Amino acid sequence: MSDLIFVPREEYGLLAETVSRLLSEPSSPPKDWKAVWADLAQSGTLAVGLPEDEGGLDDARAVSIVAERLGRHGTVSPFVGSSAVVARLLAKSPVPTSTVDLRVGLVDGSAIATVALLSDRPLNVVQAGDKFTLNGARRLVPFGAEADHVLIEGVSSDGSRALMLVPKSSYRVERAVIGIDGCPYADIVFSNGVIDGERVLGAGIEAERRWAWCRDAYLATLCADAVGAMATLVRMTGDYLKVRRQFGAPLSSYQVLQHRFVDMDMALTESRTVVEWAAGLLDADDDRERRQAAATAHFIVTRAATKISQDSVQLHGGIGMAQETAVGRYFKRLLALPLMFGDEDVPLTLYGASTAAAMTPPSMHA
Amino acid sequence: MATLFSPEEDAFRAEVRSFISEKLPAGLRDRMLAGGRPTRDDKVVWTRILHARGWGGYSWPKEFGGPGFTPVQRYIFEDEAWQAGAPEVVPFGMKMVAPVIMKFGTAAQKAYFLPRIASLEHYWCQGYSEPGSGSDLASLKTRAVRDGDHYVVNGQKIWTTEAHDADWIFCLVRTSTEGRKQDGISFLLIDMKTPGITVRPIITFDGYHEINETWFENVRVPVKNLVGEEGQGWTCAKYLLEKERLNFGGMGFCKRELTRLKRLATEGALGRRRPLDNPLFRARLNALEMRIRAADLTNLRFLRAEQRGEAVGLPAPYLKVLSSHLQQDVLELQMRMLGPDALPVSLAGGGNEPLDAISEYANVAPTYCNYRKTTIYAGSNEIQRNIAAKSLLG
């Protein structure tokens, strides 16, 4: 495919409209996620990232467009983990035939998959023949209690990694919580959970490579979701500045507020650029290029999200603090990215690792 | 997956790259890549080389003698030129007055001026700002009074970049004080050799002579040098701004200076401690690089939209604000990284030879000083935000 980044495919406009029509107005409370999920499945939206013979556009940029709409409407759903990461990972796996039933379930809405992003607890894998036994835990898994499958990266006793899609029969939910972003999370525990070899999606170096792709896919899609949420905040704030009057004139007539608002819109504009770039490179052969684009999106979007959400509340004044105003809901939604993936410090540290190494002549400084 | 450029665009880039590497004089290239400022001669030399290849007016359509590049080809061309160490072309002719002449000029004006701009036979400067009219440009007072076949011009322009190097100046002048102030403005082309023009240098605090004040005392300008109708000057000026919205060299400069920053950061000559060993410096470098990447790609995204004939966002104000800050920030980080090595800028004892010749570091602090201009010129960043707010909030 000779697609150009920043040149939208014809299908994108219709796709965005279709998704928006299924969702409630950005200022209204969101529908129950299960109803939304059924509608998304029914409309074929959950398949957009998959190959064309499975009803998709085989295109990470289309996935990004759906995520942007979900963010824009403030919709809570397992789309990022289930459709943008796991379904696409299965389609990319070298033996896709063994996972075709799984993919069908993820696309028709009968099953949900998620990703255990935080790897800060031990999760040991022991292989015996074609069976693998899991012991350990993962915490704060998005939709961890609702999902039918969770993608994990575990460690064997020799230190090598294993990437596995574990069915819910092989772990138990220890604690289910609701996050400040409105999303459900769960801590899950594996005690002698046994899974079949066909659930192993990568081992050793291959597992690490695919896991890195999964994290970048999750990150880039969450950034697209954040762009949608930011777009709603910018629109709401602009509308409010035009109607709210103080000192006998609309707030939009005051230069100090105009300039703050322009800076919000400018931050959104830059965020859109890096999100389109990161989505365009998500399936690139070059891992380093993909990593740099994802890190740049992480950095630019996190900065913009902090600025736009804080300034949206400030420019609304007191009413921006009220729970009845939708502003606060988007403010909280935008916390998901920095809290789950780390704030600007993470890309500030990681981005350069490759750059700095590449630019340092090894023999120059003994 | 998708790519940023098409195979045809990649081939075009390769063609531009090989042309520049073959034709750009090595001495000039090395000076530019070491942060040197191009002289008038440098610009003439480079523009003549481009002209010989048919790229003297490289941003122009074919009907006016340009190569008819697409917006993205123009971006690629400039990107390659900056990174290869070519001096920036004089913008006042090719990118500023030429599009106005193409749109509003007479057949005679097009035939006379455009070829001379492309070859840089005419070196142009811009007469917009006045002592009392900076951000409030439409309040300008330089008068042009009709006297037979001439206008008689009296007044003062200020901040005229390179007026001391220029053969021609395009001016906004007041031809009427009736009605709306914008409607009394006309766009006039003036030969700098006309009697009554005085150029006085303004030395900026970096110590360089780049800008001037330009006085007009009973300067007689033929009426045939009026562009468009009398009173249409503001329309011409706005068209120029719109036309040039995506032509900032700013991002090319940022990328070139970022490369230099990284080179300087790896050099051992900086003292005992390597900047790259300092995690805080590396974080600053990473932040800068990611911001430059985001702004540069935003420029490309706007150009793709322009190529499709779509309007996306607010290209002009946003690119101006983003690129002006990034230019300042990359120079600031260069200077802070060098620390004490950025202090020496000239030799004691009144020697006139530039310290650049002795130390590459000597141009860093002065250029940092000089580039405070970027957030002020071409419509200050505050004016850019006013323009954007008007479009967003009505």
# chains A, B, ... in the order shown; residues from 1 in each chain; ligands from 1
$ interface_residues --of "chain B" --to "chain A" --cutoff "7 Å" --atoms "only C-alpha atoms" --output "JSON, numbers by chain"
{"B": [1, 2, 3, 4, 5, 6, 266, 282, 283, 286, 287, 290, 294, 295, 297, 298, 301, 304, 318, 385, 388, 389, 393]}
$ write_last_selection --atoms "C-alpha atoms" --output "short mmCIF file (atom, residue, chain, number, x, y, z; two decimals), in the first residue's frame"
data_model
loop_
_atom_site.label_atom_id
_atom_site.label_comp_id
_atom_site.auth_asym_id
_atom_site.auth_seq_id
_atom_site.Cartn_x
_atom_site.Cartn_y
_atom_site.Cartn_z
CA MET B 1 1.96 1.02 6.84
CA ALA B 2 2.05 4.52 5.45
CA THR B 3 4.98 6.77 4.56
CA LEU B 4 5.63 10.51 4.81
CA PHE B 5 6.69 10.85 1.16
CA SER B 6 5.86 9.09 -2.09
CA THR B 266 29.73 15.18 21.19
CA ARG B 282 19.85 14.91 27.34
CA ALA B 283 16.26 15.39 28.43
CA ASN B 286 15.16 15.18 23.53
CA ALA B 287 12.38 17.65 24.31
CA MET B 290 10.54 16.08 19.64
CA ALA B 294 6.16 17.87 15.75
CA ALA B 295 6.28 21.40 14.31
CA LEU B 297 5.53 17.55 10.53
CA THR B 298 2.70 19.98 11.26
CA ARG B 301 0.54 18.20 7.23
CA ARG B 304 -0.54 18.11 2.18
CA TYR B 318 0.60 28.57 14.25
CA ARG B 385 -2.57 35.10 18.29
CA ALA B 388 -5.95 33.23 15.17
CA ALA B 389 -8.43 34.33 17.84
CA LEU B 393 -13.79 33.11 18.21
#
$ atom_distance --atom1 "CA of Gly320 (chain A)" --atom2 "CA of Leu335 (chain A)"
16.6 Å
$ atom_distance --atom1 "CA of Ala226 (chain A)" --atom2 "CA of Ala16 (chain A)"
15.6 Å
$ select_by_dssp --residues "region 86-224 of chain A" --states "alpha helix (DSSP H)" --output "MDAnalysis selection string"
chainID A and resid 88:92 100:108 205:224
$ write_last_selection --atoms "C-alpha atoms" --output "PDB file, in the first residue's frame"
ATOM      1  CA  ARG A  88      -4.361  -6.737  15.438  1.00  0.00           C
ATOM      2  CA  LEU A  89      -1.574  -8.639  17.200  1.00  0.00           C
ATOM      3  CA  LEU A  90      -3.397 -11.912  16.453  1.00  0.00           C
ATOM      4  CA  ALA A  91      -3.751 -10.932  12.811  1.00  0.00           C
ATOM      5  CA  LYS A  92      -0.014 -10.227  12.642  1.00  0.00           C
ATOM      6  CA  VAL A 100      -9.066 -17.095  13.785  1.00  0.00           C
ATOM      7  CA  ASP A 101     -11.861 -18.096  16.207  1.00  0.00           C
ATOM      8  CA  LEU A 102     -10.507 -15.693  18.777  1.00  0.00           C
ATOM      9  CA  ARG A 103     -10.487 -12.878  16.231  1.00  0.00           C
ATOM     10  CA  VAL A 104     -14.042 -13.608  15.144  1.00  0.00           C
ATOM     11  CA  GLY A 105     -15.184 -13.262  18.757  1.00  0.00           C
ATOM     12  CA  LEU A 106     -13.342  -9.963  19.223  1.00  0.00           C
ATOM     13  CA  VAL A 107     -14.900  -8.569  16.057  1.00  0.00           C
ATOM     14  CA  ASP A 108     -18.506  -9.702  16.576  1.00  0.00           C
ATOM     15  CA  ILE A 205      13.350 -12.039  21.627  1.00  0.00           C
ATOM     16  CA  GLU A 206      10.240 -12.396  19.491  1.00  0.00           C
ATOM     17  CA  ALA A 207       8.055 -11.950  22.582  1.00  0.00           C
ATOM     18  CA  GLU A 208       9.956  -8.808  23.543  1.00  0.00           C
ATOM     19  CA  ARG A 209       9.613  -7.375  20.044  1.00  0.00           C
ATOM     20  CA  ARG A 210       5.896  -8.064  19.854  1.00  0.00           C
ATOM     21  CA  TRP A 211       5.311  -6.800  23.391  1.00  0.00           C
ATOM     22  CA  ALA A 212       7.084  -3.549  22.452  1.00  0.00           C
ATOM     23  CA  TRP A 213       4.751  -3.272  19.464  1.00  0.00           C
ATOM     24  CA  CYS A 214       1.725  -3.878  21.733  1.00  0.00           C
ATOM     25  CA  ARG A 215       2.797  -1.131  24.125  1.00  0.00           C
ATOM     26  CA  ASP A 216       3.361   1.326  21.261  1.00  0.00           C
ATOM     27  CA  ALA A 217       0.039   0.373  19.662  1.00  0.00           C
ATOM     28  CA  TYR A 218      -1.743   0.907  22.976  1.00  0.00           C
ATOM     29  CA  LEU A 219       0.107   4.191  23.557  1.00  0.00           C
ATOM     30  CA  ALA A 220      -0.476   5.572  20.053  1.00  0.00           C
ATOM     31  CA  THR A 221      -4.187   4.662  20.164  1.00  0.00           C
ATOM     32  CA  LEU A 222      -4.594   6.175  23.625  1.00  0.00           C
ATOM     33  CA  CYS A 223      -2.965   9.344  22.244  1.00  0.00           C
ATOM     34  CA  ALA A 224      -5.595   9.383  19.468  1.00  0.00           C
TER      35      ALA A 224
END
$ atom_distance --atom1 "CA of Ala304 (chain A)" --atom2 "CA of Gly328 (chain A)"
16.3 Å
$ closest_residue --among "A:Ala38, A:Met321, A:Val327, A:Leu140" --to "Phe79 (chain A)" --atoms "only C-alpha atoms"
A:Ala38
$ residues_around --residues "Ser309 (chain A)" --least-positions-apart "3" --cutoff "12 Å" --atoms "only C-alpha atoms" --output "number ranges by chain"
A: 226-227, 229-234, 236-237, 261, 264-265, 267-268, 301-306, 312-316, 320-321, 326-335
$ write_last_selection --atoms "N, CA and C atoms" --output "mmCIF file, in the first residue's frame"
data_model
loop_
_atom_site.group_PDB
_atom_site.id
_atom_site.type_symbol
_atom_site.label_atom_id
_atom_site.label_comp_id
_atom_site.auth_asym_id
_atom_site.auth_seq_id
_atom_site.Cartn_x
_atom_site.Cartn_y
_atom_site.Cartn_z
ATOM 1 N N ALA A 226 -6.968 10.677 23.277
ATOM 2 C CA ALA A 226 -6.739 11.948 23.979
ATOM 3 C C ALA A 226 -6.964 13.139 23.045
ATOM 4 N N VAL A 227 -6.569 12.987 21.779
ATOM 5 C CA VAL A 227 -6.801 14.080 20.823
ATOM 6 C C VAL A 227 -8.306 14.344 20.686
ATOM 7 N N ALA A 229 -10.626 13.761 22.998
ATOM 8 C CA ALA A 229 -11.081 14.409 24.237
ATOM 9 C C ALA A 229 -10.651 15.876 24.272
ATOM 10 N N MET A 230 -9.422 16.149 23.810
ATOM 11 C CA MET A 230 -8.940 17.537 23.774
ATOM 12 C C MET A 230 -9.766 18.375 22.802
ATOM 13 N N ALA A 231 -10.135 17.768 21.664
ATOM 14 C CA ALA A 231 -10.936 18.507 20.675
ATOM 15 C C ALA A 231 -12.269 18.922 21.285
ATOM 16 N N THR A 232 -12.855 18.021 22.083
ATOM 17 C CA THR A 232 -14.125 18.367 22.738
ATOM 18 C C THR A 232 -13.923 19.501 23.740
ATOM 19 N N LEU A 233 -12.852 19.435 24.523
ATOM 20 C CA LEU A 233 -12.602 20.499 25.502
ATOM 21 C C LEU A 233 -12.377 21.845 24.808
ATOM 22 N N VAL A 234 -11.627 21.830 23.703
ATOM 23 C CA VAL A 234 -11.367 23.085 22.987
ATOM 24 C C VAL A 234 -12.676 23.643 22.436
ATOM 25 N N MET A 236 -15.791 23.057 23.550
ATOM 26 C CA MET A 236 -16.648 23.520 24.658
ATOM 27 C C MET A 236 -16.159 24.853 25.208
ATOM 28 N N THR A 237 -14.850 24.980 25.329
ATOM 29 C CA THR A 237 -14.298 26.215 25.897
ATOM 30 C C THR A 237 -14.515 27.390 24.954
ATOM 31 N N PHE A 261 -6.688 30.816 24.703
ATOM 32 C CA PHE A 261 -7.482 29.874 23.922
ATOM 33 C C PHE A 261 -6.749 29.464 22.641
ATOM 34 N N MET A 264 -4.309 26.837 23.353
ATOM 35 C CA MET A 264 -4.943 25.514 23.496
ATOM 36 C C MET A 264 -5.168 24.878 22.126
ATOM 37 N N ASP A 265 -5.706 25.669 21.198
ATOM 38 C CA ASP A 265 -5.996 25.134 19.864
ATOM 39 C C ASP A 265 -4.711 24.755 19.123
ATOM 40 N N ALA A 267 -1.935 23.712 20.561
ATOM 41 C CA ALA A 267 -1.452 22.457 21.156
ATOM 42 C C ALA A 267 -2.229 21.270 20.584
ATOM 43 N N LEU A 268 -3.523 21.463 20.361
ATOM 44 C CA LEU A 268 -4.341 20.404 19.758
ATOM 45 C C LEU A 268 -3.880 20.121 18.322
ATOM 46 N N VAL A 301 1.505 14.918 23.154
ATOM 47 C CA VAL A 301 0.100 14.796 23.562
ATOM 48 C C VAL A 301 -0.040 14.952 25.078
ATOM 49 N N THR A 302 0.892 14.399 25.838
ATOM 50 C CA THR A 302 0.791 14.541 27.295
ATOM 51 C C THR A 302 0.891 16.008 27.705
ATOM 52 N N ARG A 303 1.842 16.701 27.094
ATOM 53 C CA ARG A 303 1.975 18.142 27.381
ATOM 54 C C ARG A 303 0.702 18.888 27.009
ATOM 55 N N ALA A 304 0.189 18.592 25.817
ATOM 56 C CA ALA A 304 -1.009 19.296 25.339
ATOM 57 C C ALA A 304 -2.212 18.958 26.216
ATOM 58 N N ALA A 305 -2.320 17.694 26.618
ATOM 59 C CA ALA A 305 -3.479 17.268 27.408
ATOM 60 C C ALA A 305 -3.492 17.982 28.760
ATOM 61 N N THR A 306 -2.325 18.094 29.366
ATOM 62 C CA THR A 306 -2.240 18.779 30.656
ATOM 63 C C THR A 306 -2.652 20.235 30.493
ATOM 64 N N SER A 312 -8.937 24.574 30.213
ATOM 65 C CA SER A 312 -10.385 24.494 29.974
ATOM 66 C C SER A 312 -11.146 24.781 31.265
ATOM 67 N N VAL A 313 -10.691 24.193 32.355
ATOM 68 C CA VAL A 313 -11.344 24.444 33.645
ATOM 69 C C VAL A 313 -11.175 25.911 34.022
ATOM 70 N N GLN A 314 -9.968 26.432 33.865
ATOM 71 C CA GLN A 314 -9.703 27.825 34.249
ATOM 72 C C GLN A 314 -10.560 28.800 33.445
ATOM 73 N N LEU A 315 -10.669 28.593 32.140
ATOM 74 C CA LEU A 315 -11.420 29.538 31.306
ATOM 75 C C LEU A 315 -12.926 29.414 31.537
ATOM 76 N N HIS A 316 -13.394 28.250 31.993
ATOM 77 C CA HIS A 316 -14.799 28.126 32.365
ATOM 78 C C HIS A 316 -15.069 28.784 33.716
ATOM 79 N N GLY A 320 -16.745 25.376 35.561
ATOM 80 C CA GLY A 320 -15.857 24.304 35.113
ATOM 81 C C GLY A 320 -15.557 23.303 36.217
ATOM 82 N N MET A 321 -15.772 23.725 37.473
ATOM 83 C CA MET A 321 -15.532 22.834 38.608
ATOM 84 C C MET A 321 -16.723 21.931 38.903
ATOM 85 N N ALA A 326 -19.668 18.935 31.602
ATOM 86 C CA ALA A 326 -18.912 17.802 31.052
ATOM 87 C C ALA A 326 -17.400 18.022 31.086
ATOM 88 N N VAL A 327 -16.974 19.286 31.252
ATOM 89 C CA VAL A 327 -15.545 19.601 31.223
ATOM 90 C C VAL A 327 -14.740 18.675 32.144
ATOM 91 N N GLY A 328 -15.245 18.492 33.360
ATOM 92 C CA GLY A 328 -14.509 17.693 34.333
ATOM 93 C C GLY A 328 -14.342 16.244 33.901
ATOM 94 N N ARG A 329 -15.339 15.735 33.193
ATOM 95 C CA ARG A 329 -15.274 14.335 32.750
ATOM 96 C C ARG A 329 -14.114 14.152 31.763
ATOM 97 N N TYR A 330 -13.946 15.102 30.855
ATOM 98 C CA TYR A 330 -12.848 15.016 29.882
ATOM 99 C C TYR A 330 -11.510 15.305 30.547
ATOM 100 N N PHE A 331 -11.523 16.217 31.519
ATOM 101 C CA PHE A 331 -10.322 16.498 32.318
ATOM 102 C C PHE A 331 -9.815 15.190 32.932
ATOM 103 N N LYS A 332 -10.737 14.415 33.509
ATOM 104 C CA LYS A 332 -10.341 13.173 34.183
ATOM 105 C C LYS A 332 -9.956 12.089 33.183
ATOM 106 N N ARG A 333 -10.663 12.055 32.052
ATOM 107 C CA ARG A 333 -10.328 11.059 31.021
ATOM 108 C C ARG A 333 -8.878 11.243 30.567
ATOM 109 N N LEU A 334 -8.471 12.519 30.459
ATOM 110 C CA LEU A 334 -7.122 12.812 29.955
ATOM 111 C C LEU A 334 -6.021 12.455 30.957
ATOM 112 N N LEU A 335 -6.397 12.002 32.146
ATOM 113 C CA LEU A 335 -5.379 11.550 33.101
ATOM 114 C C LEU A 335 -4.920 10.127 32.803
#
$ residues_around --residues "Leu165 (chain A)" --least-positions-apart "3" --cutoff "8 Å" --atoms "only C-alpha atoms" --output "VMD selection string"
chain A and resid 149 to 152 199 to 201
$ residues_around --residues "Leu264 (chain B)" --least-positions-apart "3" --cutoff "10 Å" --atoms "only C-alpha atoms" --output "CSV table (one decimal) with N, CA and C atoms, in the first residue's frame"
chain,number,residue,atom,x,y,z
B,34,ALA,N,28.7,25.7,10.2
B,34,ALA,CA,29.3,26.1,11.5
B,34,ALA,C,28.6,27.4,12.1
B,258,LEU,N,19.9,22.1,15.1
B,258,LEU,CA,19.8,21.0,16.0
B,258,LEU,C,20.9,20.0,15.7
B,259,THR,N,21.2,19.8,14.4
B,259,THR,CA,22.3,18.9,14.0
B,259,THR,C,23.6,19.4,14.6
B,260,ARG,N,23.8,20.8,14.5
B,260,ARG,CA,25.0,21.4,14.9
B,260,ARG,C,25.1,21.2,16.5
B,261,LEU,N,24.0,21.4,17.1
B,261,LEU,CA,23.9,21.3,18.6
B,261,LEU,C,24.4,19.9,19.0
B,267,GLU,N,31.5,16.8,20.9
B,267,GLU,CA,32.9,17.2,20.8
B,267,GLU,C,33.6,17.3,22.1
B,268,GLY,N,34.8,16.8,22.1
B,268,GLY,CA,35.6,16.7,23.3
B,268,GLY,C,36.1,18.1,23.8
B,269,ALA,N,36.2,19.0,22.8
B,269,ALA,CA,36.8,20.3,23.1
B,269,ALA,C,36.1,21.1,24.1
B,270,LEU,N,34.9,20.6,24.5
B,270,LEU,CA,34.1,21.4,25.4
B,270,LEU,C,34.5,21.4,26.9
B,274,ARG,N,31.3,15.9,29.4
B,274,ARG,CA,30.6,15.9,28.1
B,274,ARG,C,29.1,16.2,28.5
B,275,PRO,N,28.5,17.1,27.7
B,275,PRO,CA,27.1,17.4,28.0
B,275,PRO,C,26.2,16.2,27.9
B,334,GLN,N,22.2,25.6,22.6
B,334,GLN,CA,23.6,25.6,22.1
B,334,GLN,C,24.4,26.5,23.1
B,337,MET,N,24.8,25.1,26.7
B,337,MET,CA,25.6,23.9,26.7
B,337,MET,C,27.1,24.3,26.6
B,338,LEU,N,27.4,25.3,25.8
B,338,LEU,CA,28.8,25.7,25.7
B,338,LEU,C,29.3,26.4,27.0
B,360,GLU,N,34.6,28.4,16.4
B,360,GLU,CA,33.3,28.2,15.9
B,360,GLU,C,32.3,28.7,16.9
B,361,TYR,N,32.7,28.7,18.2
B,361,TYR,CA,31.7,29.0,19.3
B,361,TYR,C,31.4,30.5,19.3
$ residues_around --residues "Leu226 (chain B)" --least-positions-apart "6" --cutoff "12 Å" --atoms "only C-alpha atoms" --output "MDAnalysis selection string"
chainID B and resid 100:101 104:106 108:109 144 146 149:151 170:173 175 185:190 232:233 236
